[in-house]
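Next up, run_20.pdb (PDB, C-alpha atoms):
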```
ATOM      1  CA  MET A   1     -12.789  63.372 111.561
ATOM      2  CA  ASN A   2     -10.649  60.364 110.677
ATOM      3  CA  GLU A   3      -7.532  59.398 112.600
ATOM      4  CA  ALA A   4      -5.197  60.979 110.032
ATOM      5  CA  THR A   5      -6.727  64.439 110.463
ATOM      6  CA  GLN A   6      -6.934  64.524 114.270
ATOM      7  CA  LEU A   7      -4.059  67.015 114.489
ATOM      8  CA  LEU A   8      -5.802  69.375 112.081
ATOM      9  CA  THR A   9      -8.481  71.964 112.875
ATOM     10  CA  PRO A  10     -11.655  71.628 110.784
ATOM     11  CA  LEU A  11     -12.760  74.744 108.930
ATOM     12  CA  LYS A  12     -16.453  75.193 108.139
ATOM     13  CA  ALA A  13     -15.892  77.224 104.982
ATOM     14  CA  PRO A  14     -17.721  75.793 101.941
ATOM     15  CA  VAL A  15     -15.557  73.795  99.541
ATOM     16  CA  PRO A  16     -16.116  74.610  95.855
ATOM     17  CA  PRO A  17     -15.991  71.457  93.713
ATOM     18  CA  MET A  18     -13.516  73.177  91.382
ATOM     19  CA  PHE A  19     -11.402  74.756  94.142
ATOM     20  CA  GLU A  20      -8.073  73.029  93.492
ATOM     21  CA  ALA A  21      -8.456  73.406  89.733
ATOM     22  CA  ALA A  22      -9.136  77.130  90.135
ATOM     23  CA  LEU A  23      -6.030  77.434  92.327
ATOM     24  CA  GLY A  24      -3.898  75.675  89.699
ATOM     25  CA  TYR A  25      -3.222  72.355  91.448
ATOM     26  CA  GLN A  26      -3.026  69.483  88.954
ATOM     27  CA  GLY A  27      -1.667  66.698  91.173
ATOM     28  CA  ASP A  28      -3.449  63.605  92.426
ATOM     29  CA  ALA A  29      -2.788  63.751  96.192
ATOM     30  CA  ARG A  30      -5.749  63.392  98.524
ATOM     31  CA  TYR A  31      -4.533  66.243 100.742
ATOM     32  CA  VAL A  32      -3.065  69.465  99.409
ATOM     33  CA  ALA A  33      -2.321  72.728 101.218
ATOM     34  CA  PHE A  34      -2.601  76.322 100.056
ATOM     35  CA  TYR A  35      -1.109  79.502 101.523
ATOM     36  CA  TRP A  36       0.232  82.910 100.483
ATOM     37  CA  GLN A  37       3.991  83.403 100.186
ATOM     38  CA  PRO A  38       5.410  86.962 100.533
ATOM     39  CA  ALA A  39       8.534  85.976  98.579
ATOM     40  CA  GLY A  40       7.300  86.375  95.024
ATOM     41  CA  ASP A  41       3.912  87.524  96.382
ATOM     42  CA  GLU A  42       2.095  84.404  95.190
ATOM     43  CA  VAL A  43      -0.298  81.781  96.441
ATOM     44  CA  MET A  44       1.399  78.394  96.795
ATOM     45  CA  TYR A  45       0.235  74.786  96.822
ATOM     46  CA  ASP A  46       2.019  71.887  98.541
ATOM     47  CA  ASP A  47       0.981  68.220  98.673
ATOM     48  CA  GLY A  48       4.034  66.898 100.516
ATOM     49  CA  HIS A  49       5.739  65.803  97.297
ATOM     50  CA  ALA A  50       5.252  68.689  94.898
ATOM     51  CA  SER A  51       4.809  72.411  95.429
ATOM     52  CA  GLY A  52       4.447  75.403  93.162
ATOM     53  CA  ASP A  53       2.778  78.704  92.375
ATOM     54  CA  GLY A  54      -1.003  78.750  92.204
ATOM     55  CA  ASP A  55      -3.479  81.195  90.697
ATOM     56  CA  TRP A  56      -3.332  84.302  92.913
ATOM     57  CA  TRP A  57      -6.508  85.787  91.447
ATOM     58  CA  ALA A  58      -8.577  82.719  92.374
ATOM     59  CA  TRP A  59      -7.094  82.743  95.906
ATOM     60  CA  ILE A  60      -8.036  86.399  96.457
ATOM     61  CA  GLU A  61     -11.549  85.786  95.157
ATOM     62  CA  PHE A  62     -11.898  82.796  97.485
ATOM     63  CA  GLU A  63     -10.376  84.334 100.614
ATOM     64  CA  ASN A  64     -12.417  87.558 100.348
ATOM     65  CA  HIS A  65     -15.740  85.948  99.504
ATOM     66  CA  SER A  66     -18.464  86.514 102.089
ATOM     67  CA  ALA A  67     -19.242  82.781 102.098
ATOM     68  CA  VAL A  68     -15.639  82.108 103.181
ATOM     69  CA  ALA A  69     -14.232  85.121 105.077
ATOM     70  CA  PRO A  70     -16.406  84.683 108.217
ATOM     71  CA  HIS A  71     -14.850  81.236 108.729
ATOM     72  CA  LEU A  72     -11.216  82.371 108.554
ATOM     73  CA  TRP A  73     -10.851  82.823 112.313
ATOM     74  CA  LEU A  74      -9.416  80.660 115.098
ATOM     75  CA  PRO A  75      -9.982  80.683 118.879
ATOM     76  CA  CYS A  76      -7.573  83.044 120.605
ATOM     77  CA  PRO A  77      -4.775  80.927 122.160
ATOM     78  CA  GLN A  78      -4.273  83.381 125.013
ATOM     79  CA  CYS A  79      -7.809  83.151 126.402
ATOM     80  CA  GLY A  80      -8.795  79.828 124.856
ATOM     81  CA  GLY A  81     -11.625  81.469 122.947
ATOM     82  CA  ARG A  82     -13.369  82.776 126.066
ATOM     83  CA  GLY A  83     -12.633  86.426 125.384
ATOM     84  CA  THR A  84     -11.858  87.084 129.040
ATOM     85  CA  THR A  85      -8.852  86.622 131.267
ATOM     86  CA  ASN A  86      -8.551  83.892 133.875
ATOM     87  CA  THR A  87      -8.285  86.385 136.729
ATOM     88  CA  LEU A  88     -11.362  88.505 136.103
ATOM     89  CA  GLU A  89     -14.272  87.204 134.054
ATOM     90  CA  ASN A  90     -15.319  90.643 132.786
ATOM     91  CA  ASP A  91     -11.802  91.746 131.880
ATOM     92  CA  PRO A  92     -11.410  91.316 128.096
ATOM     93  CA  CYS A  93      -8.444  89.436 126.722
ATOM     94  CA  ASP A  94      -5.711  91.758 125.493
ATOM     95  CA  ALA A  95      -4.843  89.592 122.498
ATOM     96  CA  CYS A  96      -8.323  89.391 120.946
ATOM     97  CA  ASP A  97      -9.982  92.443 122.562
ATOM     98  CA  GLY A  98     -12.594  90.214 124.108
ATOM     99  CA  SER A  99     -13.834  88.613 120.897
ATOM    100  CA  GLY A 100     -12.292  85.230 121.687
ATOM    101  CA  LEU A 101     -11.146  84.973 118.056
ATOM    102  CA  LEU A 102      -8.124  85.942 115.992
ATOM    103  CA  PRO A 103      -7.914  86.128 112.198
ATOM    104  CA  LEU A 104      -6.418  83.071 110.582
ATOM    105  CA  ASN A 105      -3.065  83.989 109.069
ATOM    106  CA  LEU A 106      -2.712  82.117 105.778
ATOM    107  CA  GLY A 107      -0.034  84.527 104.616
ATOM    108  CA  SER A 108      -0.096  87.873 102.852
ATOM    109  CA  SER A 109       2.102  90.172 100.791
ATOM    110  CA  ASP A 110       3.768  91.385 103.981
ATOM    111  CA  PHE A 111       3.719  88.429 106.384
ATOM    112  CA  GLU A 112       4.619  84.750 106.301
ATOM    113  CA  ALA A 113       1.730  82.373 106.971
ATOM    114  CA  ASP A 114       1.253  80.875 110.435
ATOM    115  CA  HIS A 115      -1.162  78.217 109.154
ATOM    116  CA  TRP A 116      -1.814  76.405 105.898
ATOM    117  CA  LEU A 117      -5.255  75.695 104.463
ATOM    118  CA  ILE A 118      -5.497  71.954 103.783
ATOM    119  CA  LEU A 119      -8.054  70.492 101.404
ATOM    120  CA  ASP A 120      -9.231  66.901 101.716
ATOM    121  CA  ARG A 121     -10.005  66.259  98.060
ATOM    122  CA  GLN A 122     -11.837  63.014  98.813
ATOM    123  CA  GLU A 123     -14.176  64.197 101.566
ATOM    124  CA  ARG A 124     -14.310  67.785 100.226
ATOM    125  CA  LYS A 125     -13.440  69.335 103.577
ATOM    126  CA  PHE A 126     -11.120  72.129 104.651
ATOM    127  CA  TYR A 127      -8.719  71.984 107.589
ATOM    128  CA  VAL A 128      -6.044  74.324 108.896
ATOM    129  CA  ALA A 129      -2.840  73.539 110.737
ATOM    130  CA  PRO A 130       0.336  75.294 111.855
ATOM    131  CA  ILE A 131       3.002  75.048 109.171
ATOM    132  CA  VAL A 132       5.155  72.396 110.872
ATOM    133  CA  THR A 133       2.125  70.190 111.528
ATOM    134  CA  ALA A 134       0.809  70.718 108.007
ATOM    135  CA  ARG A 135       4.118  69.804 106.357
ATOM    136  CA  ARG A 136       4.462  66.619 108.393
ATOM    137  CA  PHE A 137       0.843  65.650 107.733
ATOM    138  CA  LEU A 138       1.177  66.144 103.985
ATOM    139  CA  GLN A 139       4.425  64.189 103.801
ATOM    140  CA  GLU A 140       2.964  61.293 105.777
ATOM    141  CA  GLN A 141       0.157  60.774 103.255
ATOM    142  CA  TRP A 142       2.760  59.269 100.913
ATOM    143  CA  PRO A 143       4.192  55.765 101.417
ATOM    144  CA  PRO A 144       7.848  55.674 102.478
ATOM    145  CA  PRO A 145      10.285  55.085  99.619
ATOM    146  CA  PRO A 146      11.477  51.487  99.241
ATOM    147  CA  GLU A 147      14.925  50.529 100.434
ATOM    148  CA  LEU A 148      17.228  50.033  97.472
ATOM    149  CA  THR A 149      20.515  48.240  97.083
ATOM    150  CA  PRO A 150      23.436  50.320  95.754
ATOM    151  CA  GLU A 151      22.962  48.695  92.360
ATOM    152  CA  GLU A 152      19.241  49.521  92.347
ATOM    153  CA  GLU A 153      19.984  53.120  93.360
ATOM    154  CA  GLN A 154      22.404  53.467  90.453
ATOM    155  CA  THR A 155      19.849  52.050  88.031
ATOM    156  CA  PHE A 156      17.187  54.376  89.418
ATOM    157  CA  PHE A 157      19.301  57.512  89.055
ATOM    158  CA  GLU A 158      20.358  56.541  85.545
ATOM    159  CA  ALA A 159      16.692  56.135  84.604
ATOM    160  CA  ILE A 160      15.908  59.561  86.063
ATOM    161  CA  GLN A 161      18.775  61.167  84.164
ATOM    162  CA  LYS A 162      17.604  59.551  80.934
ATOM    163  CA  ALA A 163      14.032  60.723  81.464
ATOM    164  CA  VAL A 164      15.167  64.285  82.196
ATOM    165  CA  GLU A 165      17.322  64.323  79.088
ATOM    166  CA  GLU A 166      14.431  63.066  76.942
ATOM    167  CA  LEU A 167      12.131  65.723  78.372
ATOM    168  CA  ARG A 168      14.731  68.420  77.750
ATOM    169  CA  HIS A 169      14.904  67.511  74.089
ATOM    170  CA  ALA A 170      11.150  67.091  73.687
ATOM    171  CA  TRP A 171      10.082  70.236  75.527
ATOM    172  CA  ARG A 172       9.044  73.284  73.574
ATOM    173  CA  PRO A 173       7.744  76.608  74.876
ATOM    174  CA  PRO A 174       3.983  77.057  74.607
ATOM    175  CA  GLY A 175       2.778  79.209  71.744
ATOM    176  CA  ALA A 176       0.811  82.417  72.125
ATOM    177  CA  GLY A 177      -2.439  80.611  71.353
ATOM    178  CA  GLU A 178      -1.773  77.991  74.015
ATOM    179  CA  LEU A 179      -1.003  80.662  76.600
ATOM    180  CA  GLU A 180      -4.174  82.568  75.744
ATOM    181  CA  GLU A 181      -6.253  79.401  76.029
ATOM    182  CA  SER A 182      -4.653  78.555  79.384
ATOM    183  CA  VAL A 183      -5.463  82.022  80.733
ATOM    184  CA  ARG A 184      -9.012  81.790  79.380
ATOM    185  CA  GLN A 185      -9.593  78.428  81.049
ATOM    186  CA  SER A 186      -8.114  79.690  84.308
ATOM    187  CA  MET A 187     -10.405  82.718  84.344
ATOM    188  CA  GLN A 188     -13.413  80.569  83.462
ATOM    189  CA  THR A 189     -12.736  78.133  86.309
ATOM    190  CA  CYS A 190     -12.316  81.018  88.749
ATOM    191  CA  THR A 191     -15.598  82.547  87.545
ATOM    192  CA  GLU A 192     -17.339  79.215  88.104
ATOM    193  CA  MET A 193     -15.890  78.995  91.611
ATOM    194  CA  VAL A 194     -17.107  82.484  92.511
ATOM    195  CA  ALA A 195     -20.569  81.712  91.111
ATOM    196  CA  TRP A 196     -20.690  78.529  93.211
ATOM    197  CA  LEU A 197     -19.681  80.454  96.344
ATOM    198  CA  ASP A 198     -22.303  83.095  95.573
ATOM    199  CA  GLY A 199     -24.847  80.313  95.819
ATOM    200  CA  GLN A 200     -23.654  79.474  99.341
ATOM    201  CA  VAL A 201     -24.375  82.971 100.688
ATOM    202  CA  GLU A 202     -27.597  83.277 102.635
ATOM    203  CA  GLU A 203     -30.277  85.538 101.207
ATOM    204  CA  GLY A 204     -29.685  89.151 102.186
ATOM    205  CA  ASP A 205     -25.914  88.817 102.328
ATOM    206  CA  THR A 206     -23.663  90.189  99.628
ATOM    207  CA  ARG A 207     -20.310  89.048  98.392
ATOM    208  CA  SER A 208     -17.338  90.848  99.894
ATOM    209  CA  PRO A 209     -15.481  92.978  97.357
ATOM    210  CA  SER A 210     -12.252  91.442  96.121
ATOM    211  CA  SER A 211      -9.277  92.914  94.356
ATOM    212  CA  ALA A 212      -9.438  92.959  90.604
ATOM    213  CA  ARG A 213      -6.874  90.973  88.663
ATOM    214  CA  GLU A 214      -5.114  94.048  87.315
ATOM    215  CA  GLU A 215      -4.638  95.487  90.827
ATOM    216  CA  LYS A 216      -1.986  92.908  91.731
TER     217      LYS A 216
END
```

Please, can you express the file's structure as structure tokens?
Amino acid sequence: MNEATQLLTPLKAPVPPMFEAALGYQGDARYVAFYWQPAGDEVMYDDGHASGDGDWWAWIEFENHSAVAPHLWLPCPQCGGRGTTNTLENDPCDACDGSGLLPLNLGSSDFEADHWLILDRQERKFYVAPIVTARRFLQEQWPPPPELTPEEEQTFFEAIQKAVEELRHAWRPPGAGELEESVRQSMQTCTEMVAWLDGQVEEGDTRSPSSAREEK
């Protein structure tokens, strides 16, 4: 683990090579986080600069896959992962019922996330971190903005306003064919991700059932 990721917890889940594409992230940041947001009931991505809705179907397929689900646990903070209390070694921990583990909460339709899943796109590794830690980590991957004089600030904002105005005039809604092609490509990438994860399951295991797209 490099110095930048020391505050993060490594996750041993396999990392599909097309993971971020399947989830709908199109940015160029090295680190990007994913989590489920109850408001809107969508999976979200966040790289510290940009955030947005991801592909919920791909997230459900990923999170429920048998190559991934067994890794979505963290040591119980109450017993430190021991499964027993400090006072009596054979007395199971109340929080985790003696397992020493608690399910990783990356958000759901009913609950806000406690942790975000962070992908290192360069090393192809997953990490998790509490939300506050994750946000700070993602923001710190970007260089600080340069200090500008008042005149430079004015020039900068005028350039932004001009660019926005040009985009407003140039933008057009996608046609039906473009939307259909986008959906087709999204489904194809998700299918490729699931097939890749299937290949990570040891012989004798089966893939956990996942919700179908129309069940959302």

| said: List the spatial neighbours of region 136-145 of chain A as JSON, numbers by chain - criterion: any atom at most 9 Å away, all atoms listed in the file, same-chain residues fewer than 6 positions off excluded. | reply: {"A": [4, 5, 7, 8, 29, 30, 31, 32, 33, 46, 47, 48, 49, 118]}

| Two-atom distance - CA of Ala39 (chain A), CA of Asp114 (chain A) (Å) | 14.8 Å

Using only C-alpha atoms, tabulate the residues of region 94-129 of chain A lying at most 8 Å from any atom of region 55-73 of chain A, each with its closest atom pair and that distance in Å to one decimal, by chain and increasing residue number, as CSV.
```
residue,atom,partner,partner_atom,distance
A:Leu101,CA,A:Trp73,CA,6.1
A:Leu102,CA,A:Trp73,CA,5.5
A:Pro103,CA,A:Trp73,CA,4.4
A:Leu104,CA,A:Trp73,CA,4.8
```

| Just how far from CA of Gln188 (chain A) is CA of Gln122 (chain A), in Å to one decimal? | 23.4 Å

| query | Neighbours of Asp110 (chain A) within 10 Å (only C-alpha atoms; same-chain residues fewer than 2 positions away dropped), as a ChimeraX atom specification? | reply | /A:36-39,41,107-108,112-113

| remark: The distance between CA of Tyr45 (chain A) and CA of Met187 (chain A) is 18.2 Å

| Nearest candidate to Gly52 (chain A) (options A:Leu23, A:Leu74, A:Ile131, A:Ala176; using all atoms listed in the file) |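 For Gly52 (chain A), the nearest of the given residues is A:Leu23.
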
| field | Selection dump of the PyMOL selection byres ((chain A and resi 17) around 10), as a list of chain:residue names | value | A:Pro14, A:Val15, A:Pro16, A:Met18, A:Phe19, A:Glu20, A:Ala21, A:Ala22, A:Arg121, A:Arg124, A:Glu192, A:Met193, A:Trp196

| field | Expansion of the PyMOL selection byres ((chain A and resi 128) around 6) into residues, as a ChimeraX atom specification | value | /A:8-9,116-118,127,129

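Shortest separation to Tyr35 (chain A) among A:Asn105, A:Asn90, A:Thr133, A:Thr191 occurs at residue A:Asn105, atoms counted being all atoms listed in the file.
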
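Using only C-alpha atoms, the residues found no farther than 8 Å from Gly100 (chain A), other than those of its own chain fewer than 3 positions away, are Pro75, Cys76, Cys79, Gly80, Gly81, Arg82, Gly83, Thr84, Cys93, Cys96 and Asp97 of chain A.
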
How big is the axis-aligned box around the listed atoms of region 112-115 of chain A once 8 Å is added on each side, and where is its centre? Give both in Å to one decimal, as AutoDock Vina command-line options.
```
--center_x 1.7 --center_y 81.5 --center_z 108.4 --size_x 21.8 --size_y 22.5 --size_z 20.1
```

| said: For this structure, which residues satisfy the selection - the PyMOL selection byres ((chain A and resi 53) around 6) - when it is evaluated on the file as given? I want them as a PyMOL selection string. | reply: chain A and resi 43-44+52+54

| task | Compare A:Asp120, A:Asp91, A:Glu178, A:Asp28 by their minimum atom-to-atom distance to Ala50 (chain A), counting all atoms listed in the file, and give me the closest one. | result |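 Once distances to Ala50 (chain A) are computed over all atoms listed in the file, the minimum belongs to A:Asp28.
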
| Of the listed residues A:Gln78, A:Gln161, A:Ser109, A:Ser51, that which approaches Ala95 (chain A) most closely, counting all atoms listed in the file |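 Nearest to Ala95 (chain A): A:Gln78.
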